[in-house]
file target36.cif (mmCIF, C-alpha atoms)
data_upload
loop_
_atom_site.label_atom_id
_atom_site.label_comp_id
_atom_site.auth_asym_id
_atom_site.auth_seq_id
_atom_site.Cartn_x
_atom_site.Cartn_y
_atom_site.Cartn_z
CA MET A 1 -60.87 163.09 -18.20
CA ASP A 2 -59.01 160.50 -20.18
CA THR A 3 -59.37 160.78 -23.90
CA LEU A 4 -58.59 158.46 -26.72
CA LYS A 5 -57.14 159.25 -30.09
CA LEU A 6 -59.63 158.50 -32.81
CA GLU A 7 -58.96 158.30 -36.53
CA ILE A 8 -61.65 157.60 -39.07
CA LEU A 9 -60.41 157.13 -42.61
CA THR A 10 -62.13 156.57 -45.92
CA PRO A 11 -60.49 155.87 -49.29
CA ASN A 12 -61.16 159.54 -50.08
CA GLY A 13 -59.35 160.89 -47.07
CA GLU A 14 -59.66 161.46 -43.39
CA ILE A 15 -63.09 162.20 -42.02
CA PHE A 16 -62.22 162.50 -38.38
CA ASN A 17 -58.92 162.80 -36.57
CA GLY A 18 -58.78 163.96 -33.00
CA GLU A 19 -59.37 163.31 -29.37
CA ALA A 20 -62.60 161.86 -28.11
CA VAL A 21 -63.97 160.90 -24.73
CA SER A 22 -65.90 157.94 -26.01
CA VAL A 23 -66.95 156.46 -29.29
CA THR A 24 -69.87 154.17 -30.07
CA LEU A 25 -69.43 151.87 -33.01
CA PRO A 26 -71.91 149.69 -34.95
CA GLY A 27 -70.17 146.33 -34.69
CA GLU A 28 -71.31 143.32 -36.64
CA GLU A 29 -72.24 141.66 -33.39
CA GLY A 30 -74.02 144.72 -32.11
CA GLU A 31 -73.26 148.21 -31.03
CA PHE A 32 -70.43 148.77 -28.59
CA GLY A 33 -68.79 151.70 -26.90
CA VAL A 34 -65.09 152.37 -26.46
CA LEU A 35 -63.54 154.51 -23.75
CA ALA A 36 -59.89 155.37 -23.20
CA ASN A 37 -57.63 152.47 -22.19
CA HIS A 38 -59.81 149.90 -23.86
CA SER A 39 -58.14 146.53 -24.40
CA SER A 40 -57.00 145.63 -27.89
CA LEU A 41 -59.76 144.60 -30.20
CA SER A 42 -60.35 144.12 -33.89
CA THR A 43 -63.74 143.70 -35.39
CA LEU A 44 -65.87 144.41 -38.40
CA LEU A 45 -68.45 147.14 -38.53
CA GLU A 46 -71.69 147.10 -40.44
CA ALA A 47 -73.78 149.93 -41.85
CA GLY A 48 -74.65 152.27 -39.05
CA VAL A 49 -73.76 155.40 -37.19
CA ILE A 50 -70.59 156.14 -35.26
CA ASP A 51 -71.23 158.49 -32.35
CA ILE A 52 -68.24 160.39 -31.10
CA GLU A 53 -68.40 162.17 -27.77
CA LYS A 54 -65.85 164.92 -27.81
CA GLU A 55 -64.12 166.65 -24.93
CA ASP A 56 -66.57 169.52 -24.94
CA LYS A 57 -69.42 167.02 -24.49
CA SER A 58 -70.69 167.60 -28.00
CA VAL A 59 -71.59 164.53 -30.01
CA GLU A 60 -70.71 164.09 -33.62
CA SER A 61 -72.36 161.43 -35.77
CA ILE A 62 -70.80 159.80 -38.79
CA LEU A 63 -72.68 157.43 -41.01
CA ILE A 64 -70.73 154.51 -42.45
CA ASN A 65 -71.55 151.63 -44.79
CA TRP A 66 -68.85 149.10 -43.94
CA GLY A 67 -65.71 149.18 -41.93
CA VAL A 68 -63.16 147.62 -39.72
CA VAL A 69 -62.01 148.90 -36.39
CA ASN A 70 -58.76 148.36 -34.61
CA VAL A 71 -58.69 149.39 -30.98
CA ASP A 72 -55.68 149.45 -28.74
CA GLU A 73 -54.84 151.16 -25.45
CA GLU A 74 -53.97 154.51 -26.98
CA LYS A 75 -55.91 154.85 -30.15
CA VAL A 76 -58.84 153.73 -32.23
CA ILE A 77 -58.45 153.40 -35.96
CA VAL A 78 -61.61 153.01 -38.01
CA LEU A 79 -61.28 152.20 -41.69
CA VAL A 80 -64.50 152.61 -43.62
CA GLU A 81 -65.52 152.25 -47.24
CA GLY A 82 -67.94 155.14 -47.37
CA ALA A 83 -68.81 157.69 -44.74
CA VAL A 84 -70.74 160.92 -44.32
CA ALA A 85 -70.23 163.18 -41.35
CA ILE A 86 -73.40 164.84 -40.19
CA ARG A 87 -72.10 168.26 -39.41
CA GLY A 88 -72.13 171.72 -40.88
CA GLU A 89 -71.93 175.39 -40.09
CA SER A 90 -75.41 176.26 -41.19
CA GLU A 91 -78.76 174.57 -41.44
CA SER A 92 -78.45 174.19 -45.17
CA ALA A 93 -75.04 172.55 -44.84
CA ILE A 94 -76.51 170.08 -42.37
CA ALA A 95 -79.39 169.40 -44.71
CA ALA A 96 -76.93 168.75 -47.53
CA ALA A 97 -74.97 166.35 -45.33
CA LEU A 98 -78.23 164.61 -44.48
CA ASP A 99 -79.01 164.17 -48.17
CA ASP A 100 -75.56 162.69 -48.75
CA ALA A 101 -76.13 160.35 -45.85
CA LYS A 102 -79.46 159.18 -47.24
CA GLU A 103 -77.85 158.56 -50.60
CA LEU A 104 -75.19 156.44 -48.93
CA ILE A 105 -77.82 154.40 -47.11
CA ASN A 106 -79.71 153.80 -50.33
CA SER A 107 -76.55 152.64 -52.05
CA ILE A 108 -76.10 149.82 -49.57
CA ALA A 109 -77.24 146.94 -51.68
CA ASP A 110 -78.63 144.34 -49.32
CA SER A 111 -81.80 145.49 -47.67
CA ASN A 112 -80.96 145.23 -44.05
CA PRO A 113 -83.74 145.60 -41.51
CA ALA A 114 -81.37 147.75 -39.48
CA ILE A 115 -81.30 150.38 -42.22
CA ALA A 116 -84.61 151.91 -41.24
CA ALA A 117 -83.26 152.32 -37.73
CA VAL A 118 -80.11 153.90 -39.13
CA SER A 119 -82.17 156.41 -41.13
CA ALA A 120 -84.02 157.39 -37.99
CA ARG A 121 -80.76 157.77 -36.12
CA ILE A 122 -79.25 160.18 -38.62
CA GLU A 123 -82.45 162.22 -38.73
CA SER A 124 -82.32 162.67 -34.99
CA ALA A 125 -78.62 163.48 -35.11
CA ALA A 126 -79.37 166.24 -37.61
CA GLN A 127 -82.27 167.50 -35.49
CA ARG A 128 -79.95 167.80 -32.54
CA LEU A 129 -77.66 170.06 -34.54
CA ILE A 130 -80.39 172.28 -35.91
CA MET B 131 -22.65 171.74 -97.42
CA ALA B 132 -26.31 170.87 -97.08
CA ASN B 133 -28.83 172.49 -99.30
CA LEU B 134 -30.57 175.56 -97.84
CA LYS B 135 -33.97 174.14 -98.60
CA ASP B 136 -33.19 170.82 -96.90
CA ILE B 137 -32.16 172.58 -93.73
CA GLN B 138 -35.25 174.69 -93.77
CA ARG B 139 -37.42 171.64 -94.13
CA GLN B 140 -35.65 169.98 -91.23
CA ILE B 141 -36.14 173.00 -89.00
CA LYS B 142 -39.82 172.96 -89.76
CA SER B 143 -40.22 169.28 -88.99
CA VAL B 144 -38.34 169.52 -85.70
CA SER B 145 -40.35 172.50 -84.54
CA ASN B 146 -43.54 170.63 -85.36
CA THR B 147 -42.38 167.76 -83.20
CA GLN B 148 -41.60 170.24 -80.48
CA LYS B 149 -45.15 171.54 -80.62
CA THR B 150 -46.55 168.04 -80.23
CA THR B 151 -44.32 167.15 -77.31
CA ARG B 152 -45.11 170.40 -75.57
CA ALA B 153 -48.83 169.78 -75.95
CA MET B 154 -48.43 166.26 -74.59
CA LYS B 155 -46.53 167.62 -71.64
CA LEU B 156 -49.32 170.05 -70.85
CA VAL B 157 -51.94 167.32 -71.08
CA SER B 158 -49.94 165.10 -68.74
CA THR B 159 -49.46 167.92 -66.27
CA ALA B 160 -53.19 168.49 -66.08
CA LYS B 161 -53.94 164.78 -65.73
CA LEU B 162 -51.19 164.36 -63.19
CA ARG B 163 -52.68 166.97 -60.91
CA ARG B 164 -55.95 165.07 -60.73
CA ALA B 165 -54.35 161.64 -60.41
CA GLU B 166 -51.95 162.81 -57.76
CA GLU B 167 -54.72 164.31 -55.67
CA LEU B 168 -56.60 161.01 -55.78
CA ALA B 169 -53.51 159.02 -54.89
CA ARG B 170 -52.60 161.38 -52.07
CA ARG B 171 -56.00 161.08 -50.45
CA SER B 172 -55.97 157.31 -50.70
CA ARG B 173 -52.46 156.95 -49.40
CA LEU B 174 -53.51 157.61 -45.80
CA TYR B 175 -56.13 154.89 -45.98
CA ALA B 176 -53.80 152.42 -47.67
CA ASP B 177 -51.09 153.04 -45.08
CA LYS B 178 -53.47 152.61 -42.18
CA MET B 179 -54.90 149.46 -43.73
CA ASN B 180 -51.39 148.02 -44.01
CA GLN B 181 -50.70 149.02 -40.45
CA VAL B 182 -53.82 147.31 -39.12
CA ILE B 183 -53.14 144.16 -41.12
CA ALA B 184 -49.50 144.10 -40.03
CA GLU B 185 -50.52 144.48 -36.44
CA ILE B 186 -52.97 141.61 -36.60
CA ALA B 187 -50.43 139.47 -38.47
CA GLY B 188 -47.80 140.36 -35.91
CA ARG B 189 -49.99 139.42 -33.02
CA ILE B 190 -50.93 136.16 -34.63
CA LYS B 191 -47.25 135.44 -35.16
CA CYS B 192 -46.38 136.28 -31.60
CA ASN B 193 -49.04 133.84 -30.47
CA LYS B 194 -51.08 136.37 -28.69
CA ILE B 195 -54.14 134.97 -30.35
CA GLY B 196 -54.42 131.30 -29.78
CA GLY B 197 -55.69 128.78 -32.24
CA ILE B 198 -56.01 130.90 -35.33
CA ASP B 199 -55.08 129.05 -38.43
CA ASN B 200 -55.96 131.35 -41.26
CA ARG B 201 -54.17 130.63 -44.50
CA SER B 202 -53.65 134.31 -45.27
CA PHE B 203 -51.54 134.79 -42.18
CA CYS B 204 -49.49 131.59 -42.26
CA LYS B 205 -46.04 131.37 -43.63
CA ILE B 206 -46.14 128.88 -46.45
CA GLU B 207 -43.10 126.66 -46.78
CA ASN B 208 -42.25 125.37 -50.24
CA PRO B 209 -44.81 127.22 -52.33
CA ALA B 210 -45.85 125.38 -55.49
CA MET B 211 -47.47 128.20 -57.42
CA VAL B 212 -47.60 131.96 -57.01
CA ASP B 213 -49.45 134.76 -58.75
CA ILE B 214 -47.65 137.85 -59.96
CA VAL B 215 -49.92 140.76 -60.86
CA PHE B 216 -48.20 143.60 -62.65
CA VAL B 217 -49.48 147.04 -63.56
CA THR B 218 -48.13 148.94 -66.55
CA ALA B 219 -49.47 151.81 -68.62
CA ASP B 220 -51.67 151.39 -71.68
CA LYS B 221 -49.63 153.92 -73.59
CA GLY B 222 -45.97 154.50 -74.19
CA LEU B 223 -43.97 157.72 -74.53
CA CYS B 224 -43.26 157.85 -70.84
CA GLY B 225 -39.57 157.10 -70.65
CA GLY B 226 -38.50 154.07 -68.68
CA PHE B 227 -41.76 153.83 -66.79
CA ASN B 228 -43.03 150.55 -68.25
CA ILE B 229 -39.70 148.89 -68.78
CA GLN B 230 -38.80 149.30 -65.12
CA THR B 231 -41.88 147.36 -64.06
CA ILE B 232 -41.26 144.72 -66.72
CA LYS B 233 -37.67 144.28 -65.55
CA ALA B 234 -38.81 143.83 -61.97
CA VAL B 235 -41.38 141.24 -63.05
CA LYS B 236 -38.74 139.37 -65.05
CA LYS B 237 -36.39 139.35 -62.08
CA LEU B 238 -39.08 138.00 -59.78
CA LEU B 239 -40.06 135.44 -62.38
CA LYS B 240 -36.50 134.21 -62.61
CA GLU B 241 -36.12 133.98 -58.85
CA TYR B 242 -39.17 131.76 -58.63
CA GLN B 243 -38.18 129.64 -61.58
CA GLU B 244 -34.84 128.96 -59.95
CA GLN B 245 -36.70 127.64 -56.94
CA ASN B 246 -38.89 125.51 -59.20
CA VAL B 247 -42.01 127.43 -58.30
CA LYS B 248 -44.66 127.78 -60.95
CA VAL B 249 -45.73 131.35 -61.66
CA ARG B 250 -49.02 132.62 -63.01
CA LEU B 251 -48.52 136.01 -64.58
CA ARG B 252 -51.54 138.30 -64.55
CA GLY B 253 -51.12 141.53 -66.44
CA ILE B 254 -52.82 144.90 -66.30
CA GLY B 255 -51.93 147.44 -68.96
CA LYS B 256 -51.35 147.08 -72.67
CA LYS B 257 -47.63 147.78 -72.69
CA GLY B 258 -46.65 145.05 -70.26
CA VAL B 259 -49.06 142.54 -71.75
CA GLU B 260 -47.72 143.19 -75.25
CA PHE B 261 -44.15 142.86 -74.06
CA PHE B 262 -44.69 139.41 -72.55
CA LYS B 263 -46.73 138.26 -75.52
CA TYR B 264 -43.97 139.34 -77.88
CA ASN B 265 -41.39 137.50 -75.83
CA GLU B 266 -43.62 134.44 -75.73
CA VAL B 267 -44.01 134.39 -71.99
CA GLU B 268 -47.35 132.90 -71.11
CA LEU B 269 -49.80 135.14 -69.29
CA PHE B 270 -52.52 133.58 -67.18
CA ASP B 271 -54.87 136.43 -67.98
CA SER B 272 -54.77 140.13 -68.70
CA VAL B 273 -56.86 143.28 -68.90
CA THR B 274 -55.87 146.24 -70.98
CA ASP B 275 -57.90 149.32 -70.28
CA LEU B 276 -57.95 149.24 -66.51
CA SER B 277 -54.68 150.97 -65.77
CA SER B 278 -55.55 154.18 -67.59
CA LYS B 279 -58.98 154.41 -65.95
CA PRO B 280 -58.80 152.78 -62.53
CA ASP B 281 -62.18 151.48 -61.49
CA LYS B 282 -62.75 149.95 -58.07
CA SER B 283 -65.30 147.34 -59.04
CA ARG B 284 -63.34 146.10 -62.05
CA ALA B 285 -60.16 145.98 -59.99
CA ASP B 286 -62.01 144.00 -57.30
CA GLU B 287 -63.29 141.57 -59.86
CA PHE B 288 -59.83 141.06 -61.30
CA ILE B 289 -58.04 140.47 -58.02
CA MET B 290 -60.83 138.33 -56.57
CA THR B 291 -59.69 135.38 -58.74
CA SER B 292 -56.34 135.43 -57.00
CA ILE B 293 -57.87 135.79 -53.54
CA GLU B 294 -60.24 132.87 -54.12
CA ASP B 295 -57.50 130.68 -55.54
CA TYR B 296 -55.30 131.51 -52.61
CA LYS B 297 -57.96 130.54 -50.12
CA ASP B 298 -58.65 127.33 -52.01
CA GLY B 299 -54.98 126.48 -51.92
CA LYS B 300 -54.46 126.66 -55.68
CA ILE B 301 -51.80 129.30 -55.28
CA ASP B 302 -49.44 129.95 -52.39
CA GLY B 303 -48.57 133.57 -52.81
CA LEU B 304 -49.55 136.83 -54.45
CA HIS B 305 -47.31 139.65 -55.54
CA ILE B 306 -48.28 143.00 -56.98
CA VAL B 307 -45.62 144.81 -59.00
CA TYR B 308 -46.16 148.41 -60.06
CA ASN B 309 -44.37 151.67 -60.54
CA GLY B 310 -45.67 154.18 -58.05
CA PHE B 311 -45.62 157.92 -57.66
CA LYS B 312 -42.94 159.34 -55.39
CA ASN B 313 -42.81 162.99 -56.38
CA MET B 314 -43.08 165.06 -59.53
CA MET B 315 -39.64 163.98 -60.66
CA THR B 316 -39.32 160.38 -59.55
CA GLN B 317 -41.22 157.15 -59.65
CA GLU B 318 -40.75 154.39 -57.20
CA LEU B 319 -40.99 150.73 -58.07
CA HIS B 320 -43.02 148.66 -55.63
CA THR B 321 -42.90 144.90 -55.38
CA MET B 322 -45.50 144.04 -52.79
CA LYS B 323 -45.99 140.64 -51.31
CA VAL B 324 -49.66 140.81 -50.55
CA LEU B 325 -50.41 137.23 -49.61
CA PRO B 326 -49.57 135.62 -47.29
CA VAL B 327 -49.45 138.68 -45.07
CA ASP B 328 -45.87 139.24 -44.13
CA ALA B 329 -45.46 139.46 -40.39
CA GLU B 330 -41.67 139.41 -40.48
CA GLN B 331 -41.23 143.12 -39.99
CA TYR B 332 -43.45 143.14 -36.97
CA GLU B 333 -41.46 142.67 -33.82
CA CYS B 334 -42.96 141.01 -30.80
CA ASN B 335 -42.99 143.89 -28.46
CA GLU B 336 -43.34 142.95 -24.83
CA THR B 337 -44.62 146.35 -23.76
CA GLN B 338 -47.67 145.77 -25.91
CA ASN B 339 -48.54 142.84 -23.76
CA SER B 340 -52.24 143.01 -24.33
CA VAL B 341 -54.11 140.21 -25.93
CA LEU B 342 -55.83 141.11 -29.16
CA GLU B 343 -59.41 140.17 -29.03
CA ILE B 344 -61.28 139.53 -32.20
CA GLU B 345 -64.90 140.10 -31.66
CA ALA B 346 -66.96 138.15 -34.10
CA GLN B 347 -68.84 134.93 -34.01
CA ASP B 348 -66.11 133.29 -35.91
CA GLU B 349 -62.71 134.76 -36.33
CA GLU B 350 -62.26 133.11 -39.70
CA HIS B 351 -65.08 135.17 -41.14
CA MET B 352 -63.69 138.39 -39.74
CA LEU B 353 -60.15 137.72 -40.91
CA ASN B 354 -61.28 136.54 -44.32
CA SER B 355 -63.38 139.55 -45.08
CA LEU B 356 -60.66 141.81 -43.73
CA VAL B 357 -58.10 140.17 -46.00
CA ASP B 358 -60.46 140.50 -48.97
CA ARG B 359 -60.76 144.21 -48.41
CA TYR B 360 -57.07 144.55 -47.78
CA VAL B 361 -56.05 142.84 -51.00
CA GLU B 362 -58.74 144.60 -53.02
CA TYR B 363 -57.65 147.93 -51.74
CA ALA B 364 -53.98 147.15 -52.29
CA MET B 365 -54.85 146.38 -55.90
CA TYR B 366 -56.88 149.54 -56.37
CA TYR B 367 -54.27 151.67 -54.72
CA ALA B 368 -51.59 150.15 -56.97
CA LEU B 369 -53.70 151.23 -59.95
CA ILE B 370 -54.23 154.81 -58.92
CA ASP B 371 -50.67 155.23 -57.75
CA SER B 372 -49.52 153.84 -61.07
CA VAL B 373 -51.63 156.32 -63.03
CA ALA B 374 -50.13 159.23 -61.12
CA ALA B 375 -46.64 157.86 -61.73
CA GLU B 376 -47.38 157.30 -65.41
CA HIS B 377 -48.39 160.91 -65.91
CA SER B 378 -45.40 162.23 -64.03
CA ALA B 379 -43.09 160.00 -66.09
CA ARG B 380 -44.73 161.15 -69.31
CA MET B 381 -44.57 164.77 -68.28
CA GLN B 382 -40.87 164.43 -67.66
CA ALA B 383 -40.19 162.51 -70.86
CA MET B 384 -42.09 165.09 -72.89
CA ASP B 385 -40.30 167.93 -71.17
CA THR B 386 -36.95 166.42 -72.09
CA ALA B 387 -38.15 165.85 -75.64
CA THR B 388 -39.25 169.48 -75.93
CA ASN B 389 -35.87 170.68 -74.70
CA ASN B 390 -34.03 168.38 -77.08
CA ALA B 391 -36.10 169.66 -79.97
CA LYS B 392 -35.30 173.21 -78.94
CA ASP B 393 -31.56 172.49 -78.93
CA MET B 394 -31.84 170.81 -82.29
CA VAL B 395 -33.64 173.78 -83.85
CA LYS B 396 -30.94 176.05 -82.48
CA GLY B 397 -28.18 173.95 -84.04
CA LEU B 398 -30.01 173.74 -87.33
CA LYS B 399 -30.51 177.50 -87.43
CA VAL B 400 -26.77 178.08 -87.02
CA GLN B 401 -26.15 175.63 -89.82
CA PHE B 402 -28.75 177.39 -91.96
CA ASN B 403 -27.21 180.81 -91.42
CA LYS B 404 -23.76 179.52 -92.26
CA ALA B 405 -25.03 177.97 -95.46
CA ARG B 406 -26.86 181.16 -96.37
CA GLN B 407 -23.75 183.27 -95.79
CA ALA B 408 -21.66 180.88 -97.84
CA ALA B 409 -24.14 181.17 -100.68
CA ILE B 410 -24.00 184.99 -100.55
CA THR B 411 -20.21 184.99 -100.52
CA THR B 412 -20.12 182.71 -103.54
CA GLU B 413 -22.51 184.98 -105.41
CA LEU B 414 -20.47 188.09 -104.60
CA ILE B 415 -17.28 186.44 -105.77
CA GLU B 416 -19.00 185.50 -108.99
CA ILE B 417 -20.17 189.10 -109.59
CA ILE B 418 -16.77 190.59 -108.75
CA SER B 419 -14.91 188.15 -110.95
CA GLY B 420 -17.42 188.91 -113.74
CA VAL B 421 -16.74 192.65 -113.43
CA GLU B 422 -12.99 192.02 -113.33
CA SER B 423 -13.10 190.04 -116.58
CA MET B 424 -14.99 192.83 -118.36
CA LYS B 425 -12.24 195.38 -117.68
#
call {"tool": "encode", "arguments": {"input": "target36.cif", "output": "structure tokens"}}
result
Amino acid sequence: MDTLKLEILTPNGEIFNGEAVSVTLPGEEGEFGVLANHSSLSTLLEAGVIDIEKEDKSVESILINWGVVNVDEEKVIVLVEGAVAIRGESESAIAAALDDAKELINSIADSNPAIAAVSARIESAAQRLI
Amino acid sequence: MANLKDIQRQIKSVSNTQKTTRAMKLVSTAKLRRAEELARRSRLYADKMNQVIAEIAGRIKCNKIGGIDNRSFCKIENPAMVDIVFVTADKGLCGGFNIQTIKAVKKLLKEYQEQNVKVRLRGIGKKGVEFFKYNEVELFDSVTDLSSKPDKSRADEFIMTSIEDYKDGKIDGLHIVYNGFKNMMTQELHTMKVLPVDAEQYECNETQNSVLEIEAQDEEHMLNSLVDRYVEYAMYYALIDSVAAEHSARMQAMDTATNNAKDMVKGLKVQFNKARQAAITTELIEIISGVESMK
């Protein structure tokens, strides 16, 4: 299966760098998915969850507060201001990540109606892992 | 020959200085480690941000996106006024760190003045601000305690004036000059042309024949907010890189000072011993000649 190279960067370092089968991004105009060989595209992202489907079919979720994405045929570069990856080795690590994620959501100043939906999304992502 | 007591006093004073410089070196080393780590983590993001911006600028230049007329991406002929933002340290004792930045700013200033372009100087950091004030060069505005404690929101606030003025057409260019961290031993001077985005280095590559699509209701909005973030981050990155460079410069300067003090103490000790021996010899001669005269 074709894969695309995905890089997600925050000012504090890389949060994801690797191959992915598909990635779903929370665009300002609505959610959209990217597969390998996507045409070039640049757009802004709003607060939401990035879902990454990896080669082994597992899905990783990363919460972001603002970002910009640049897609071309070979790779996808996502630059975000703040991000929390919902992952961890143990249940407690996942719970800690979830807390961080909630904190990030609360720090987003303007009360967006989408935020409630985002909270629900990260809860379910964590459930899936546990 | 100098008095024994004088030499002793000198030795004491130099070794005290040595203690101070050594302590300052240690402090800088500790601070450098933290600052460098921060700068290193941000470098990836800054580089990628530049890459994305350059790519968009390049594609706009190569006419792959039709009908975009954003001021930030246009080449401006005959600029009337430009902003130069410089970052220096708040404190001295770091070798040529500040003066290098100041020299670069002066050079840039002269270049523009020769072309009859007005320049608004905006300063960050006490040392640079003081220098230009002393030399009676007018500064448009300045902040003084931002460069030692980089803060994202204050940096955003500061640079936003330039971004807004650029969009309104009050200024036609924006440069950021700062001394950045290269490695433990060297600093690297950066003179960045932030606005308008420079697409010169981007070559129109035919193999990348795809059309860049900008997905947003209006492209202006997308490009504008992207440029805001880009410039804000460039400013913030300049600040943190500058802090790391400042500490490395200070560490080096203090190391050299400590070594110089060490050499000086060594020289003084030799001088002291010589003087002491001379004094002993004189005393002996006096005793012997006294005994001789009694015979």
call {"tool": "resolve_selection", "arguments": {"input": "target36.cif", "expression": "the PyMOL selection byres ((chain A) within 10 of (chain B))", "output": "PDB file with C-alpha atoms, keeping the file's coordinate frame"}}
result
ATOM      1  CA  GLU A   7     -58.960 158.300 -36.530  1.00  0.00           C
ATOM      2  CA  ILE A   8     -61.650 157.600 -39.070  1.00  0.00           C
ATOM      3  CA  LEU A   9     -60.410 157.130 -42.610  1.00  0.00           C
ATOM      4  CA  THR A  10     -62.130 156.570 -45.920  1.00  0.00           C
ATOM      5  CA  PRO A  11     -60.490 155.870 -49.290  1.00  0.00           C
ATOM      6  CA  ASN A  12     -61.160 159.540 -50.080  1.00  0.00           C
ATOM      7  CA  GLY A  13     -59.350 160.890 -47.070  1.00  0.00           C
ATOM      8  CA  GLU A  14     -59.660 161.460 -43.390  1.00  0.00           C
ATOM      9  CA  GLY A  27     -70.170 146.330 -34.690  1.00  0.00           C
ATOM     10  CA  GLU A  28     -71.310 143.320 -36.640  1.00  0.00           C
ATOM     11  CA  GLU A  29     -72.240 141.660 -33.390  1.00  0.00           C
ATOM     12  CA  GLY A  30     -74.020 144.720 -32.110  1.00  0.00           C
ATOM     13  CA  SER A  39     -58.140 146.530 -24.400  1.00  0.00           C
ATOM     14  CA  SER A  40     -57.000 145.630 -27.890  1.00  0.00           C
ATOM     15  CA  LEU A  41     -59.760 144.600 -30.200  1.00  0.00           C
ATOM     16  CA  SER A  42     -60.350 144.120 -33.890  1.00  0.00           C
ATOM     17  CA  THR A  43     -63.740 143.700 -35.390  1.00  0.00           C
ATOM     18  CA  LEU A  44     -65.870 144.410 -38.400  1.00  0.00           C
ATOM     19  CA  GLY A  67     -65.710 149.180 -41.930  1.00  0.00           C
ATOM     20  CA  VAL A  68     -63.160 147.620 -39.720  1.00  0.00           C
ATOM     21  CA  VAL A  69     -62.010 148.900 -36.390  1.00  0.00           C
ATOM     22  CA  ASN A  70     -58.760 148.360 -34.610  1.00  0.00           C
ATOM     23  CA  VAL A  71     -58.690 149.390 -30.980  1.00  0.00           C
ATOM     24  CA  ASP A  72     -55.680 149.450 -28.740  1.00  0.00           C
ATOM     25  CA  GLU A  73     -54.840 151.160 -25.450  1.00  0.00           C
ATOM     26  CA  ILE A  77     -58.450 153.400 -35.960  1.00  0.00           C
ATOM     27  CA  VAL A  78     -61.610 153.010 -38.010  1.00  0.00           C
ATOM     28  CA  LEU A  79     -61.280 152.200 -41.690  1.00  0.00           C
ATOM     29  CA  VAL A  80     -64.500 152.610 -43.620  1.00  0.00           C
ATOM     30  CA  GLU A  81     -65.520 152.250 -47.240  1.00  0.00           C
TER      31      GLU A  81
END
call {"tool": "residues_around", "arguments": {"input": "target36.cif", "residues": "Ser272 of chain B", "least_positions_apart": "4", "cutoff": "6 Å", "atoms": "only C-alpha atoms", "output": "list in words"}}
result
Arg252, Gly253 and Ile254 of chain B
call {"tool": "residues_around", "arguments": {"input": "target36.cif", "residues": "Gln138 of chain B", "least_positions_apart": "6", "cutoff": "12 Å", "atoms": "all atoms listed in the file", "output": "PyMOL selection string"}}
result
chain B and resi 132+144-145+395+398-403+405-406
call {"tool": "resolve_selection", "arguments": {"input": "target36.cif", "expression": "the PyMOL selection byres ((chain B and resi 235-250) around 9)", "output": "list in words"}}
result
Asn208, Pro209, Ala210, Met211, Val212, Asp213, Ile214, Val215, Phe216, Gln230, Thr231, Ile232, Lys233, Ala234, Leu251, Arg252, Glu268, Leu269, Phe270, Asp271, Ile301, Val307 and Thr321 of chain B
call {"tool": "resolve_selection", "arguments": {"input": "target36.cif", "expression": "the PyMOL selection byres ((chain B and resi 379) around 9)", "output": "number ranges by chain"}}
result
B: 158, 223-227, 314-317, 374-378, 380-384
call {"tool": "atom_distance", "arguments": {"input": "target36.cif", "atom1": "atom CA of Val273 of chain B", "atom2": "atom CA of Asp328 of chain B"}}
result
27.4 Å
call {"tool": "atom_distance", "arguments": {"input": "target36.cif", "atom1": "atom CA of Ala85 of chain A", "atom2": "atom CA of Ala285 of chain B"}}
result
27.3 Å
call {"tool": "residues_near_point", "arguments": {"input": "target36.cif", "point": "(-78.5, 157.8, -35.2)", "cutoff": "12 Å", "atoms": "all atoms listed in the file", "output": "PyMOL selection string"}}
result
chain A and resi 24-26+31+47-52+59-64+85-86+98+101+114-128
call {"tool": "closest_residue", "arguments": {"input": "target36.cif", "among": "A:Asp56, A:Asp2, A:Val34, A:Ile15", "to": "Val76 of chain A", "atoms": "all atoms listed in the file"}}
result
A:Val34
call {"tool": "atom_distance", "arguments": {"input": "target36.cif", "atom1": "atom CA of Asn146 of chain B", "atom2": "atom CA of Lys404 of chain B"}}
result
22.8 Å
call {"tool": "closest_residue", "arguments": {"input": "target36.cif", "among": "A:Ile94, A:Asn65, A:Lys54, A:Glu74", "to": "Phe16 of chain A", "atoms": "only C-alpha atoms"}}
result
A:Lys54
call {"tool": "residues_around", "arguments": {"input": "target36.cif", "residues": "Glu19 of chain A", "least_positions_apart": "2", "cutoff": "7 Å", "atoms": "only C-alpha atoms", "output": "PDB file with C-alpha atoms, in the frame of the given file"}}
result
ATOM      1  CA  THR A   3     -59.370 160.780 -23.900  1.00  0.00           C
ATOM      2  CA  LEU A   4     -58.590 158.460 -26.720  1.00  0.00           C
ATOM      3  CA  LYS A   5     -57.140 159.250 -30.090  1.00  0.00           C
ATOM      4  CA  LEU A   6     -59.630 158.500 -32.810  1.00  0.00           C
ATOM      5  CA  VAL A  21     -63.970 160.900 -24.730  1.00  0.00           C
ATOM      6  CA  LYS A  54     -65.850 164.920 -27.810  1.00  0.00           C
TER       7      LYS A  54
END
call {"tool": "residues_around", "arguments": {"input": "target36.cif", "residues": "Lys297 of chain B", "least_positions_apart": "4", "cutoff": "10 Å", "atoms": "only C-alpha atoms", "output": "PyMOL selection string"}}
result
chain B and resi 200-202+292-293+301-302+354
call {"tool": "closest_residue", "arguments": {"input": "target36.cif", "among": "B:Ala368, B:Ala184, B:Leu134, B:Leu276", "to": "Glu318 of chain B", "atoms": "all atoms listed in the file"}}
result
B:Ala368
call {"tool": "residues_around", "arguments": {"input": "target36.cif", "residues": "Lys279 of chain B", "least_positions_apart": "5", "cutoff": "10 Å", "atoms": "all atoms listed in the file", "output": "PyMOL selection string"}}
result
chain B and resi 220+369-370+373
